[in-house]
$ cat final-v3.json   # JSON, C-alpha atoms
[["chain", "number", "residue", "atom", "x", "y", "z"],
["A", 549, "MET", "CA", -3.78, -6.45, 12.23],
["A", 550, "ILE", "CA", -0.75, -8.78, 12.28],
["A", 551, "GLN", "CA", 0.50, -10.70, 15.31],
["A", 552, "ILE", "CA", 3.70, -12.75, 14.94],
["A", 553, "ASN", "CA", 4.79, -15.12, 17.71],
["A", 554, "ASN", "CA", 8.21, -16.82, 17.79],
["A", 555, "LEU", "CA", 8.16, -17.32, 14.02],
["A", 556, "SER", "CA", 11.08, -19.29, 12.57],
["A", 557, "LYS", "CA", 12.12, -20.67, 9.19],
["A", 558, "LYS", "CA", 15.00, -23.03, 8.45],
["A", 559, "TYR", "CA", 15.42, -24.19, 4.87],
["A", 560, "LYS", "CA", 16.43, -27.76, 4.06],
["A", 561, "ASN", "CA", 20.16, -28.49, 3.88],
["A", 562, "THR", "CA", 21.11, -25.30, 5.71],
["A", 563, "ASP", "CA", 22.81, -24.89, 9.06],
["A", 564, "TYR", "CA", 21.13, -21.65, 10.10],
["A", 565, "TYR", "CA", 17.68, -20.12, 10.46],
["A", 566, "SER", "CA", 16.67, -17.51, 7.89],
["A", 567, "VAL", "CA", 14.13, -16.21, 10.41],
["A", 568, "LYS", "CA", 14.47, -17.13, 14.09],
["A", 569, "ASP", "CA", 12.07, -16.63, 17.02],
["A", 570, "LEU", "CA", 10.69, -13.42, 15.54],
["A", 571, "ASN", "CA", 7.99, -11.53, 17.43],
["A", 572, "LEU", "CA", 6.19, -8.52, 16.00],
["A", 573, "THR", "CA", 2.86, -6.69, 16.17],
["A", 574, "ILE", "CA", 1.68, -4.50, 13.28],
["A", 575, "SER", "CA", -1.39, -2.32, 13.81],
["A", 576, "GLU", "CA", -4.20, -1.74, 11.35],
["A", 577, "GLY", "CA", -3.50, 1.16, 8.99],
["A", 578, "GLU", "CA", 0.28, 1.14, 9.42],
["A", 579, "ILE", "CA", 2.87, 1.40, 6.67],
["A", 580, "PHE", "CA", 5.48, -0.88, 8.19],
["A", 581, "GLY", "CA", 8.95, -1.18, 6.69],
["A", 582, "LEU", "CA", 11.10, -4.31, 6.97],
["A", 583, "LEU", "CA", 14.70, -3.24, 6.41],
["A", 584, "GLY", "CA", 17.87, -5.28, 6.43],
["A", 585, "PRO", "CA", 20.98, -6.32, 4.49],
["A", 586, "ASN", "CA", 20.92, -8.98, 1.78],
["A", 587, "GLY", "CA", 20.06, -12.36, 3.29],
["A", 588, "ALA", "CA", 18.71, -10.86, 6.53],
["A", 589, "GLY", "CA", 15.38, -12.70, 6.25],
["A", 590, "LYS", "CA", 13.05, -10.01, 4.91],
["A", 591, "THR", "CA", 11.74, -11.92, 1.89],
["A", 592, "THR", "CA", 11.47, -15.15, 3.88],
["A", 593, "LEU", "CA", 9.36, -13.38, 6.50],
["A", 594, "ILE", "CA", 7.04, -11.83, 3.90],
["A", 595, "SER", "CA", 6.75, -15.19, 2.10],
["A", 596, "MET", "CA", 5.60, -16.86, 5.33],
["A", 597, "LEU", "CA", 3.11, -14.10, 6.11],
["A", 598, "SER", "CA", 1.79, -14.41, 2.54],
["A", 599, "SER", "CA", 1.30, -18.17, 3.03],
["A", 600, "LEU", "CA", 3.85, -18.92, 0.30],
["A", 601, "LEU", "CA", 6.23, -20.61, 2.75],
["A", 602, "ARG", "CA", 5.39, -22.89, 5.67],
["A", 603, "PRO", "CA", 7.03, -21.80, 8.94],
["A", 604, "THR", "CA", 9.39, -24.20, 10.67],
["A", 605, "ALA", "CA", 8.11, -23.08, 14.06],
["A", 606, "GLY", "CA", 5.98, -20.38, 15.65],
["A", 607, "SER", "CA", 2.69, -18.85, 14.53],
["A", 608, "PHE", "CA", 1.09, -15.72, 13.19],
["A", 609, "SER", "CA", -2.37, -14.29, 12.66],
["A", 610, "ILE", "CA", -3.76, -11.62, 10.33],
["A", 611, "ALA", "CA", -7.01, -9.87, 11.28],
["A", 612, "ASN", "CA", -7.39, -12.49, 14.04],
["A", 613, "LEU", "CA", -7.22, -15.33, 11.52],
["A", 614, "ASN", "CA", -4.62, -17.92, 12.49],
["A", 615, "TYR", "CA", -2.38, -19.25, 9.72],
["A", 616, "SER", "CA", -2.67, -22.89, 10.75],
["A", 617, "GLU", "CA", -6.47, -22.84, 11.10],
["A", 618, "ASN", "CA", -7.73, -20.23, 8.61],
["A", 619, "GLN", "CA", -5.28, -20.31, 5.73],
["A", 620, "LYS", "CA", -7.91, -20.06, 2.97],
["A", 621, "GLU", "CA", -9.73, -17.11, 4.59],
["A", 622, "LEU", "CA", -6.44, -15.44, 5.39],
["A", 623, "LYS", "CA", -5.29, -15.56, 1.77],
["A", 624, "GLN", "CA", -8.44, -13.71, 0.71],
["A", 625, "LEU", "CA", -7.49, -10.75, 2.93],
["A", 626, "ILE", "CA", -3.99, -10.21, 1.61],
["A", 627, "GLY", "CA", -2.30, -8.97, -1.55],
["A", 628, "THR", "CA", 1.28, -9.69, -2.52],
["A", 629, "VAL", "CA", 3.55, -7.79, -4.89],
["A", 630, "PRO", "CA", 6.75, -9.84, -5.34],
["A", 631, "GLN", "CA", 10.17, -8.50, -6.20],
["A", 632, "GLU", "CA", 10.22, -10.52, -9.41],
["A", 633, "TYR", "CA", 7.72, -9.61, -12.12],
["A", 634, "ALA", "CA", 4.70, -11.93, -11.85],
["A", 635, "LEU", "CA", 3.45, -11.15, -15.35],
["A", 636, "TYR", "CA", 3.04, -12.95, -18.68],
["A", 637, "PRO", "CA", 5.33, -11.14, -21.16],
["A", 638, "SER", "CA", 3.45, -12.27, -24.28],
["A", 639, "LEU", "CA", 0.12, -10.88, -23.01],
["A", 640, "THR", "CA", -0.90, -7.24, -22.99],
["A", 641, "ALA", "CA", -1.17, -5.24, -19.78],
["A", 642, "LEU", "CA", -4.97, -5.44, -19.92],
["A", 643, "GLU", "CA", -4.94, -9.19, -20.61],
["A", 644, "ASN", "CA", -2.60, -9.78, -17.66],
["A", 645, "LEU", "CA", -4.74, -7.75, -15.29],
["A", 646, "MET", "CA", -8.02, -9.27, -16.49],
["A", 647, "TYR", "CA", -6.53, -12.72, -15.95],
["A", 648, "PHE", "CA", -5.28, -12.02, -12.42],
["A", 649, "GLY", "CA", -8.49, -10.22, -11.51],
["A", 650, "SER", "CA", -10.59, -13.17, -12.66],
["A", 651, "MET", "CA", -8.54, -15.44, -10.36],
["A", 652, "TYR", "CA", -9.78, -13.32, -7.44],
["A", 653, "GLY", "CA", -13.34, -13.92, -8.60],
["A", 654, "ILE", "CA", -14.04, -10.28, -9.45],
["A", 655, "LYS", "CA", -16.94, -9.87, -11.86],
["A", 656, "LYS", "CA", -15.90, -8.66, -15.29],
["A", 657, "PRO", "CA", -17.64, -5.22, -15.45],
["A", 658, "ALA", "CA", -16.33, -4.16, -12.02],
["A", 659, "LEU", "CA", -12.89, -5.59, -12.81],
["A", 660, "LYS", "CA", -12.62, -3.68, -16.09],
["A", 661, "ASN", "CA", -13.57, -0.43, -14.32],
["A", 662, "ASP", "CA", -11.01, -0.96, -11.57],
["A", 663, "ILE", "CA", -8.26, -1.79, -14.06],
["A", 664, "THR", "CA", -9.07, 1.31, -16.10],
["A", 665, "SER", "CA", -8.89, 3.45, -12.95],
["A", 666, "HIS", "CA", -5.54, 2.01, -11.80],
["A", 667, "LEU", "CA", -4.00, 2.30, -15.27],
["A", 668, "GLU", "CA", -5.04, 5.93, -15.48],
["A", 669, "THR", "CA", -3.73, 6.77, -12.01],
["A", 670, "LEU", "CA", -0.37, 5.17, -12.77],
["A", 671, "GLY", "CA", -0.02, 6.72, -16.22],
["A", 672, "LEU", "CA", -0.45, 3.51, -18.19],
["A", 673, "SER", "CA", -3.80, 3.95, -19.95],
["A", 674, "LYS", "CA", -2.33, 4.37, -23.43],
["A", 675, "PHE", "CA", -0.26, 1.20, -23.02],
["A", 676, "ALA", "CA", -3.14, -1.04, -21.92],
["A", 677, "ASN", "CA", -3.16, -3.04, -25.16],
["A", 678, "GLN", "CA", 0.60, -3.37, -25.57],
["A", 679, "LYS", "CA", 2.44, -6.55, -24.62],
["A", 680, "ILE", "CA", 4.32, -6.60, -21.33],
["A", 681, "LYS", "CA", 7.55, -7.65, -23.05],
["A", 682, "THR", "CA", 7.71, -4.20, -24.68],
["A", 683, "PHE", "CA", 7.45, -2.37, -21.32],
["A", 684, "SER", "CA", 10.25, -0.65, -19.43],
["A", 685, "GLY", "CA", 11.17, -1.80, -15.93],
["A", 686, "GLY", "CA", 9.21, 1.00, -14.31],
["A", 687, "MET", "CA", 6.09, 0.19, -16.33],
["A", 688, "LYS", "CA", 6.32, -3.49, -15.38],
["A", 689, "ARG", "CA", 6.66, -2.51, -11.72],
["A", 690, "ARG", "CA", 3.46, -0.47, -11.93],
["A", 691, "ILE", "CA", 1.54, -3.30, -13.64],
["A", 692, "ASN", "CA", 2.96, -5.71, -11.05],
["A", 693, "LEU", "CA", 1.52, -3.49, -8.33],
["A", 694, "ILE", "CA", -1.92, -3.27, -9.93],
["A", 695, "ALA", "CA", -2.08, -7.07, -10.22],
["A", 696, "GLY", "CA", -1.63, -7.36, -6.45],
["A", 697, "ILE", "CA", -4.31, -4.87, -5.41],
["A", 698, "LEU", "CA", -7.24, -5.57, -7.74],
["A", 699, "HIS", "CA", -9.14, -7.44, -5.00],
["A", 700, "LYS", "CA", -8.74, -4.53, -2.54],
["A", 701, "PRO", "CA", -6.73, -6.41, 0.10],
["A", 702, "LYS", "CA", -6.84, -5.41, 3.75],
["A", 703, "VAL", "CA", -3.12, -6.17, 4.03],
["A", 704, "LEU", "CA", -0.62, -5.62, 1.22],
["A", 705, "PHE", "CA", 2.86, -7.19, 1.22],
["A", 706, "LEU", "CA", 5.42, -5.47, -0.99],
["A", 707, "ASP", "CA", 8.89, -6.89, -1.61],
["A", 708, "GLU", "CA", 11.13, -4.17, -3.08],
["A", 709, "PRO", "CA", 8.29, -2.54, -5.07],
["A", 710, "THR", "CA", 10.48, 0.28, -6.45],
["A", 711, "VAL", "CA", 13.73, -1.57, -7.13],
["A", 712, "GLY", "CA", 15.38, -0.67, -10.42],
["A", 713, "VAL", "CA", 12.90, 2.00, -11.51],
["A", 714, "ASP", "CA", 13.30, 5.63, -12.52],
["A", 715, "VAL", "CA", 12.43, 8.48, -10.17],
["A", 716, "GLN", "CA", 9.12, 9.22, -11.89],
["A", 717, "SER", "CA", 7.93, 5.61, -11.64],
["A", 718, "ARG", "CA", 9.02, 5.43, -8.02],
["A", 719, "ASN", "CA", 7.05, 8.56, -7.15],
["A", 720, "ALA", "CA", 3.97, 7.25, -8.95],
["A", 721, "ILE", "CA", 4.16, 3.92, -7.08],
["A", 722, "ILE", "CA", 4.67, 5.53, -3.67],
["A", 723, "ASP", "CA", 1.85, 8.04, -4.22],
["A", 724, "HIS", "CA", -0.52, 5.24, -5.22],
["A", 725, "LEU", "CA", 0.45, 3.21, -2.15],
["A", 726, "LYS", "CA", -0.18, 6.20, 0.10],
["A", 727, "GLU", "CA", -3.65, 6.55, -1.39],
["A", 728, "LEU", "CA", -4.36, 2.84, -0.80],
["A", 729, "ASN", "CA", -3.23, 3.26, 2.79],
["A", 730, "LYS", "CA", -5.53, 6.27, 3.29],
["A", 731, "ASN", "CA", -8.39, 4.06, 2.12],
["A", 732, "GLY", "CA", -7.64, 1.47, 4.81],
["A", 733, "THR", "CA", -4.99, -0.90, 3.47],
["A", 734, "THR", "CA", -2.27, -1.91, 5.93],
["A", 735, "ILE", "CA", 1.08, -2.07, 4.12],
["A", 736, "ILE", "CA", 4.15, -4.17, 4.92],
["A", 737, "TYR", "CA", 7.07, -3.23, 2.73],
["A", 738, "THR", "CA", 10.72, -4.20, 2.24],
["A", 739, "SER", "CA", 13.26, -1.93, 0.62],
["A", 740, "HIS", "CA", 16.94, -1.05, 0.37],
["A", 741, "HIS", "CA", 16.03, 2.60, -0.27],
["A", 742, "MET", "CA", 16.52, 4.09, 3.20],
["A", 743, "ASN", "CA", 15.44, 7.61, 2.22],
["A", 744, "GLU", "CA", 12.25, 6.24, 0.73],
["A", 745, "ALA", "CA", 11.51, 4.17, 3.84],
["A", 746, "GLU", "CA", 12.24, 7.14, 6.11],
["A", 747, "GLU", "CA", 9.60, 9.24, 4.36],
["A", 748, "PHE", "CA", 7.09, 6.51, 3.52],
["A", 749, "CYS", "CA", 6.83, 4.32, 6.64],
["A", 750, "THR", "CA", 5.03, 5.01, 9.90],
["A", 751, "ARG", "CA", 7.31, 2.45, 11.60],
["A", 752, "VAL", "CA", 10.24, 0.29, 10.55],
["A", 753, "ALA", "CA", 12.06, -2.76, 11.86],
["A", 754, "ILE", "CA", 15.68, -3.47, 11.02],
["A", 755, "ILE", "CA", 16.26, -7.20, 10.63],
["A", 756, "ASP", "CA", 19.65, -8.92, 10.67],
["A", 757, "HIS", "CA", 20.44, -12.64, 10.74],
["A", 758, "GLY", "CA", 16.74, -13.46, 10.92],
["A", 759, "SER", "CA", 15.95, -11.41, 14.01],
["A", 760, "ILE", "CA", 14.65, -7.91, 14.67],
["A", 761, "VAL", "CA", 17.48, -5.75, 16.02],
["A", 762, "VAL", "CA", 15.50, -2.54, 16.48],
["A", 763, "LYS", "CA", 12.07, -1.16, 15.59],
["A", 764, "GLY", "CA", 10.22, 2.12, 15.89],
["A", 765, "GLU", "CA", 9.26, 5.32, 14.12],
["A", 766, "PRO", "CA", 11.99, 6.46, 11.69],
["A", 767, "LYS", "CA", 12.44, 9.89, 13.29],
["A", 768, "LYS", "CA", 12.63, 8.39, 16.76],
["A", 769, "LEU", "CA", 15.27, 5.86, 15.69],
["A", 770, "ILE", "CA", 17.32, 8.65, 14.10],
["A", 771, "ASN", "CA", 17.12, 10.76, 17.25],
["A", 772, "GLU", "CA", 18.13, 7.82, 19.45],
["A", 773, "GLN", "CA", 21.22, 6.91, 17.39],
["A", 774, "GLN", "CA", 24.17, 9.13, 18.26],
["A", 775, "GLY", "CA", 25.38, 11.16, 15.28],
["A", 776, "ALA", "CA", 22.62, 9.92, 12.95],
["A", 777, "GLN", "CA", 20.97, 12.37, 10.59],
["A", 778, "HIS", "CA", 19.10, 9.91, 8.40],
["A", 779, "LEU", "CA", 17.70, 6.38, 8.63],
["A", 780, "GLU", "CA", 20.63, 5.14, 6.56],
["A", 781, "ASP", "CA", 22.97, 6.23, 9.35],
["A", 782, "VAL", "CA", 20.95, 4.16, 11.83],
["A", 783, "PHE", "CA", 20.96, 1.19, 9.46],
["A", 784, "LEU", "CA", 24.75, 1.23, 9.01],
["A", 785, "ALA", "CA", 25.39, 1.74, 12.72],
["A", 786, "ILE", "CA", 23.31, -1.35, 13.52],
["A", 787, "THR", "CA", 24.20, -3.72, 10.66],
["A", 788, "GLY", "CA", 27.76, -2.50, 9.94],
["A", 789, "LYS", "CA", 29.49, -1.57, 6.71],
["A", 790, "ALA", "CA", 30.75, -5.04, 5.73],
["A", 791, "LEU", "CA", 29.50, -6.29, 2.36],
["A", 792, "ARG", "CA", 26.64, -8.78, 2.51],
["A", 793, "ASP", "CA", 26.93, -10.43, -0.90],
["A", 794, "TYR", "CA", 25.66, -14.00, -0.98],
["A", 795, "ALA", "CA", 24.85, -16.67, -3.57]]

$ encode --input "final-v3.json" --output "structure tokens"
Amino acid sequence: MIQINNLSKKYKNTDYYSVKDLNLTISEGEIFGLLGPNGAGKTTLISMLSSLLRPTAGSFSIANLNYSENQKELKQLIGTVPQEYALYPSLTALENLMYFGSMYGIKKPALKNDITSHLETLGLSKFANQKIKTFSGGMKRRINLIAGILHKPKVLFLDEPTVGVDVQSRNAIIDHLKELNKNGTTIIYTSHHMNEAEEFCTRVAIIDHGSIVVKGEPKKLINEQQGAQHLEDVFLAITGKALRDYA
């Protein structure tokens, strides 16, 4: 589904590459986790694959559509759920979702039905006509997710979709993503929640300094790392325990 070849990104006025010579193949139907410390290049990689950032070098294709030649068609296949809330706080949940759905060109009757279904599944039906600015963080996360999947994308990019939410919201989001995956959506997901990634992902790649250090099935990576009992143990063994704060 996704083929990445020697992909690199270097921002202006920086001395280093945020992503450098990265190669990766992701199969159709996978739930693929991109894991790494702060500043490792996860968000930059997802932004390039989502056509939000232009690569400095290299290439990639999604469903055999090349970024440089088929950018418009490629964008129609993908959905993106950013880490920051991409919502209008002064509009209601329904108004936000109707607006974003109309941008995808979905006809109004079908769009309204899909929104109603997603709101019900994620426990938000009774809040449909309340303004987003009154919502809790977990509720905003769930609306943020719905906004990115209304057009039924073949590939869904998720950047920290459960960051800062309560356990109940996290479970609701993960369960909904699993259902989307069962229905054929390939998912690429970043997270700092190692336990969540261990249970949720079919494969993961640990990225550090813009390059993939190791990739594979979570259980296999745990078994291959001496003394590791969980994916977090593997992560710390590979990336170290030094703090990765950056501004």

$ atom_distance --input "final-v3.json" --atom1 "CA of Ser638 (chain A)" --atom2 "CA of Lys679 (chain A)"
5.8 Å

$ closest_residue --input "final-v3.json" --among "A:Ile735, A:Ile574, A:Val567, A:Ile722" --to "Leu601 (chain A)" --atoms "all atoms listed in the file"
A:Val567

$ axis_aligned_box --input "final-v3.json" --around "region 692-698 of chain A" --padding-each-side "5 Å" --output "lines of an AutoDock Vina configuration file"
center_x = -2.1
center_y = -5.3
center_z = -8.2
size_x = 20.2
size_y = 14.1
size_z = 15.6

$ atom_distance --input "final-v3.json" --atom1 "CA of Lys674 (chain A)" --atom2 "CA of Pro637 (chain A)"
17.4 Å

$ atom_distance --input "final-v3.json" --atom1 "CA of Leu667 (chain A)" --atom2 "CA of Glu578 (chain A)"
25.1 Å

$ closest_residue --input "final-v3.json" --among "A:Leu642, A:His724, A:Ser717, A:Ile654" --to "Ser673 (chain A)" --atoms "all atoms listed in the file"
A:Leu642

$ residues_around --input "final-v3.json" --residues "Ile755 (chain A)" --least-positions-apart "4" --cutoff "9 Å" --atoms "only C-alpha atoms" --output "list in words"
Leu582, Leu583, Gly584, Pro585, Ala588, Gly589, Lys590, Ser759, Ile760, Val761, Val762, Lys763 and Thr787 of chain A

$ residues_near_point --input "final-v3.json" --point "(-3.3, -11.8, 12.9)" --cutoff "12 Å" --atoms "only C-alpha atoms" --output "CSV table (one decimal) with C-alpha atoms, in the coordinates of the input"
chain,number,residue,atom,x,y,z
A,549,MET,CA,-3.8,-6.4,12.2
A,550,ILE,CA,-0.8,-8.8,12.3
A,551,GLN,CA,0.5,-10.7,15.3
A,552,ILE,CA,3.7,-12.8,14.9
A,553,ASN,CA,4.8,-15.1,17.7
A,572,LEU,CA,6.2,-8.5,16.0
A,573,THR,CA,2.9,-6.7,16.2
A,574,ILE,CA,1.7,-4.5,13.3
A,575,SER,CA,-1.4,-2.3,13.8
A,576,GLU,CA,-4.2,-1.7,11.4
A,597,LEU,CA,3.1,-14.1,6.1
A,598,SER,CA,1.8,-14.4,2.5
A,607,SER,CA,2.7,-18.8,14.5
A,608,PHE,CA,1.1,-15.7,13.2
A,609,SER,CA,-2.4,-14.3,12.7
A,610,ILE,CA,-3.8,-11.6,10.3
A,611,ALA,CA,-7.0,-9.9,11.3
A,612,ASN,CA,-7.4,-12.5,14.0
A,613,LEU,CA,-7.2,-15.3,11.5
A,614,ASN,CA,-4.6,-17.9,12.5
A,615,TYR,CA,-2.4,-19.2,9.7
A,616,SER,CA,-2.7,-22.9,10.8
A,617,GLU,CA,-6.5,-22.8,11.1
A,618,ASN,CA,-7.7,-20.2,8.6
A,619,GLN,CA,-5.3,-20.3,5.7
A,621,GLU,CA,-9.7,-17.1,4.6
A,622,LEU,CA,-6.4,-15.4,5.4
A,623,LYS,CA,-5.3,-15.6,1.8
A,625,LEU,CA,-7.5,-10.8,2.9
A,626,ILE,CA,-4.0,-10.2,1.6
A,702,LYS,CA,-6.8,-5.4,3.8
A,703,VAL,CA,-3.1,-6.2,4.0

$ residues_near_point --input "final-v3.json" --point "(16.0, -5.0, 3.5)" --cutoff "12 Å" --atoms "only C-alpha atoms" --output "number ranges by chain"
A: 581-594, 631, 706-709, 711, 736-742, 745, 752-758, 760, 780, 783, 787, 792

$ write_last_selection --input "final-v3.json" --atoms "C-alpha atoms" --output "tab-separated table (two decimals), keeping the file's coordinate frame"
chain	number	residue	atom	x	y	z
A	581	GLY	CA	8.95	-1.18	6.69
A	582	LEU	CA	11.10	-4.31	6.97
A	583	LEU	CA	14.70	-3.24	6.41
A	584	GLY	CA	17.87	-5.28	6.43
A	585	PRO	CA	20.98	-6.32	4.49
A	586	ASN	CA	20.92	-8.98	1.78
A	587	GLY	CA	20.06	-12.36	3.29
A	588	ALA	CA	18.71	-10.86	6.53
A	589	GLY	CA	15.38	-12.70	6.25
A	590	LYS	CA	13.05	-10.01	4.91
A	591	THR	CA	11.74	-11.92	1.89
A	592	THR	CA	11.47	-15.15	3.88
A	593	LEU	CA	9.36	-13.38	6.50
A	594	ILE	CA	7.04	-11.83	3.90
A	631	GLN	CA	10.17	-8.50	-6.20
A	706	LEU	CA	5.42	-5.47	-0.99
A	707	ASP	CA	8.89	-6.89	-1.61
A	708	GLU	CA	11.13	-4.17	-3.08
A	709	PRO	CA	8.29	-2.54	-5.07
A	711	VAL	CA	13.73	-1.57	-7.13
A	736	ILE	CA	4.15	-4.17	4.92
A	737	TYR	CA	7.07	-3.23	2.73
A	738	THR	CA	10.72	-4.20	2.24
A	739	SER	CA	13.26	-1.93	0.62
A	740	HIS	CA	16.94	-1.05	0.37
A	741	HIS	CA	16.03	2.60	-0.27
A	742	MET	CA	16.52	4.09	3.20
A	745	ALA	CA	11.51	4.17	3.84
A	752	VAL	CA	10.24	0.29	10.55
A	753	ALA	CA	12.06	-2.76	11.86
A	754	ILE	CA	15.68	-3.47	11.02
A	755	ILE	CA	16.26	-7.20	10.63
A	756	ASP	CA	19.65	-8.92	10.67
A	757	HIS	CA	20.44	-12.64	10.74
A	758	GLY	CA	16.74	-13.46	10.92
A	760	ILE	CA	14.65	-7.91	14.67
A	780	GLU	CA	20.63	5.14	6.56
A	783	PHE	CA	20.96	1.19	9.46
A	787	THR	CA	24.20	-3.72	10.66
A	792	ARG	CA	26.64	-8.78	2.51

$ residues_around --input "final-v3.json" --residues "Asn677 (chain A)" --least-positions-apart "4" --cutoff "8 Å" --atoms "all atoms listed in the file" --output "ChimeraX atom specification"
/A:640-643

$ residues_around --input "final-v3.json" --residues "region 691-696 of chain A" --least-positions-apart "5" --cutoff "6 Å" --atoms "only C-alpha atoms" --output "PyMOL selection string"
chain A and resi 627-629+645

$ write_last_selection --input "final-v3.json" --atoms "C-alpha atoms" --output "PDB file, in the frame of the given file"
ATOM      1  CA  GLY A 627      -2.300  -8.970  -1.550  1.00  0.00           C
ATOM      2  CA  THR A 628       1.280  -9.690  -2.520  1.00  0.00           C
ATOM      3  CA  VAL A 629       3.550  -7.790  -4.890  1.00  0.00           C
ATOM      4  CA  LEU A 645      -4.740  -7.750 -15.290  1.00  0.00           C
TER       5      LEU A 645
END

$ residues_around --input "final-v3.json" --residues "Ala658 (chain A)" --least-positions-apart "5" --cutoff "10 Å" --atoms "only C-alpha atoms" --output "ChimeraX atom specification"
/A:649,663-664

$ residues_around --input "final-v3.json" --residues "Gly712 (chain A)" --least-positions-apart "5" --cutoff "10 Å" --atoms "only C-alpha atoms" --output "PyMOL selection string"
chain A and resi 685-686+689+717-718

$ closest_residue --input "final-v3.json" --among "A:Asn661, A:Pro603, A:Ser684, A:Ile579" --to "Glu746 (chain A)" --atoms "all atoms listed in the file"
A:Ile579

$ decode --input "final-v3.json" --residues "region 637-685 of chain A" --atoms "C-alpha atoms" --output "PDB file, in the first residue's frame"
ATOM      1  CA  PRO A 637     -14.240  25.960  18.521  1.00  0.00           C
ATOM      2  CA  SER A 638     -17.176  28.331  17.941  1.00  0.00           C
ATOM      3  CA  LEU A 639     -19.052  25.780  15.792  1.00  0.00           C
ATOM      4  CA  THR A 640     -20.954  22.772  17.074  1.00  0.00           C
ATOM      5  CA  ALA A 641     -19.695  19.231  16.582  1.00  0.00           C
ATOM      6  CA  LEU A 642     -22.281  18.653  13.848  1.00  0.00           C
ATOM      7  CA  GLU A 643     -21.448  21.937  12.091  1.00  0.00           C
ATOM      8  CA  ASN A 644     -17.734  21.085  12.129  1.00  0.00           C
ATOM      9  CA  LEU A 645     -18.303  17.628  10.691  1.00  0.00           C
ATOM     10  CA  MET A 646     -20.786  18.805   8.058  1.00  0.00           C
ATOM     11  CA  TYR A 647     -18.256  21.422   6.968  1.00  0.00           C
ATOM     12  CA  PHE A 648     -15.334  19.008   6.689  1.00  0.00           C
ATOM     13  CA  GLY A 649     -17.507  16.388   5.010  1.00  0.00           C
ATOM     14  CA  SER A 650     -18.672  18.881   2.402  1.00  0.00           C
ATOM     15  CA  MET A 651     -15.019  19.644   1.587  1.00  0.00           C
ATOM     16  CA  TYR A 652     -14.645  15.979   0.592  1.00  0.00           C
ATOM     17  CA  GLY A 653     -17.608  16.377  -1.746  1.00  0.00           C
ATOM     18  CA  ILE A 654     -19.861  13.972   0.150  1.00  0.00           C
ATOM     19  CA  LYS A 655     -23.545  14.511  -0.616  1.00  0.00           C
ATOM     20  CA  LYS A 656     -25.509  15.919   2.291  1.00  0.00           C
ATOM     21  CA  PRO A 657     -27.947  13.026   3.035  1.00  0.00           C
ATOM     22  CA  ALA A 658     -25.169  10.403   3.041  1.00  0.00           C
ATOM     23  CA  LEU A 659     -22.888  12.706   5.028  1.00  0.00           C
ATOM     24  CA  LYS A 660     -25.510  13.315   7.719  1.00  0.00           C
ATOM     25  CA  ASN A 661     -26.085   9.565   8.070  1.00  0.00           C
ATOM     26  CA  ASP A 662     -22.371   8.832   8.377  1.00  0.00           C
ATOM     27  CA  ILE A 663     -21.878  11.580  10.962  1.00  0.00           C
ATOM     28  CA  THR A 664     -24.814  10.293  13.003  1.00  0.00           C
ATOM     29  CA  SER A 665     -23.345   6.775  12.930  1.00  0.00           C
ATOM     30  CA  HIS A 666     -19.847   7.895  13.997  1.00  0.00           C
ATOM     31  CA  LEU A 667     -21.189  10.123  16.767  1.00  0.00           C
ATOM     32  CA  GLU A 668     -23.260   7.266  18.132  1.00  0.00           C
ATOM     33  CA  THR A 669     -20.372   4.784  18.004  1.00  0.00           C
ATOM     34  CA  LEU A 670     -18.070   7.192  19.827  1.00  0.00           C
ATOM     35  CA  GLY A 671     -20.630   8.194  22.449  1.00  0.00           C
ATOM     36  CA  LEU A 672     -21.125  11.756  21.234  1.00  0.00           C
ATOM     37  CA  SER A 673     -24.689  11.776  19.884  1.00  0.00           C
ATOM     38  CA  LYS A 674     -26.132  13.895  22.686  1.00  0.00           C
ATOM     39  CA  PHE A 675     -23.402  16.512  22.211  1.00  0.00           C
ATOM     40  CA  ALA A 676     -23.855  16.923  18.453  1.00  0.00           C
ATOM     41  CA  ASN A 677     -25.322  20.418  18.759  1.00  0.00           C
ATOM     42  CA  GLN A 678     -22.953  21.732  21.410  1.00  0.00           C
ATOM     43  CA  LYS A 679     -20.012  23.965  20.543  1.00  0.00           C
ATOM     44  CA  ILE A 680     -16.566  22.394  20.396  1.00  0.00           C
ATOM     45  CA  LYS A 681     -15.164  24.941  22.860  1.00  0.00           C
ATOM     46  CA  THR A 682     -17.299  23.344  25.590  1.00  0.00           C
ATOM     47  CA  PHE A 683     -15.887  19.846  24.943  1.00  0.00           C
ATOM     48  CA  SER A 684     -13.336  17.986  27.048  1.00  0.00           C
ATOM     49  CA  GLY A 685     -10.025  16.914  25.529  1.00  0.00           C
TER      50      GLY A 685
END
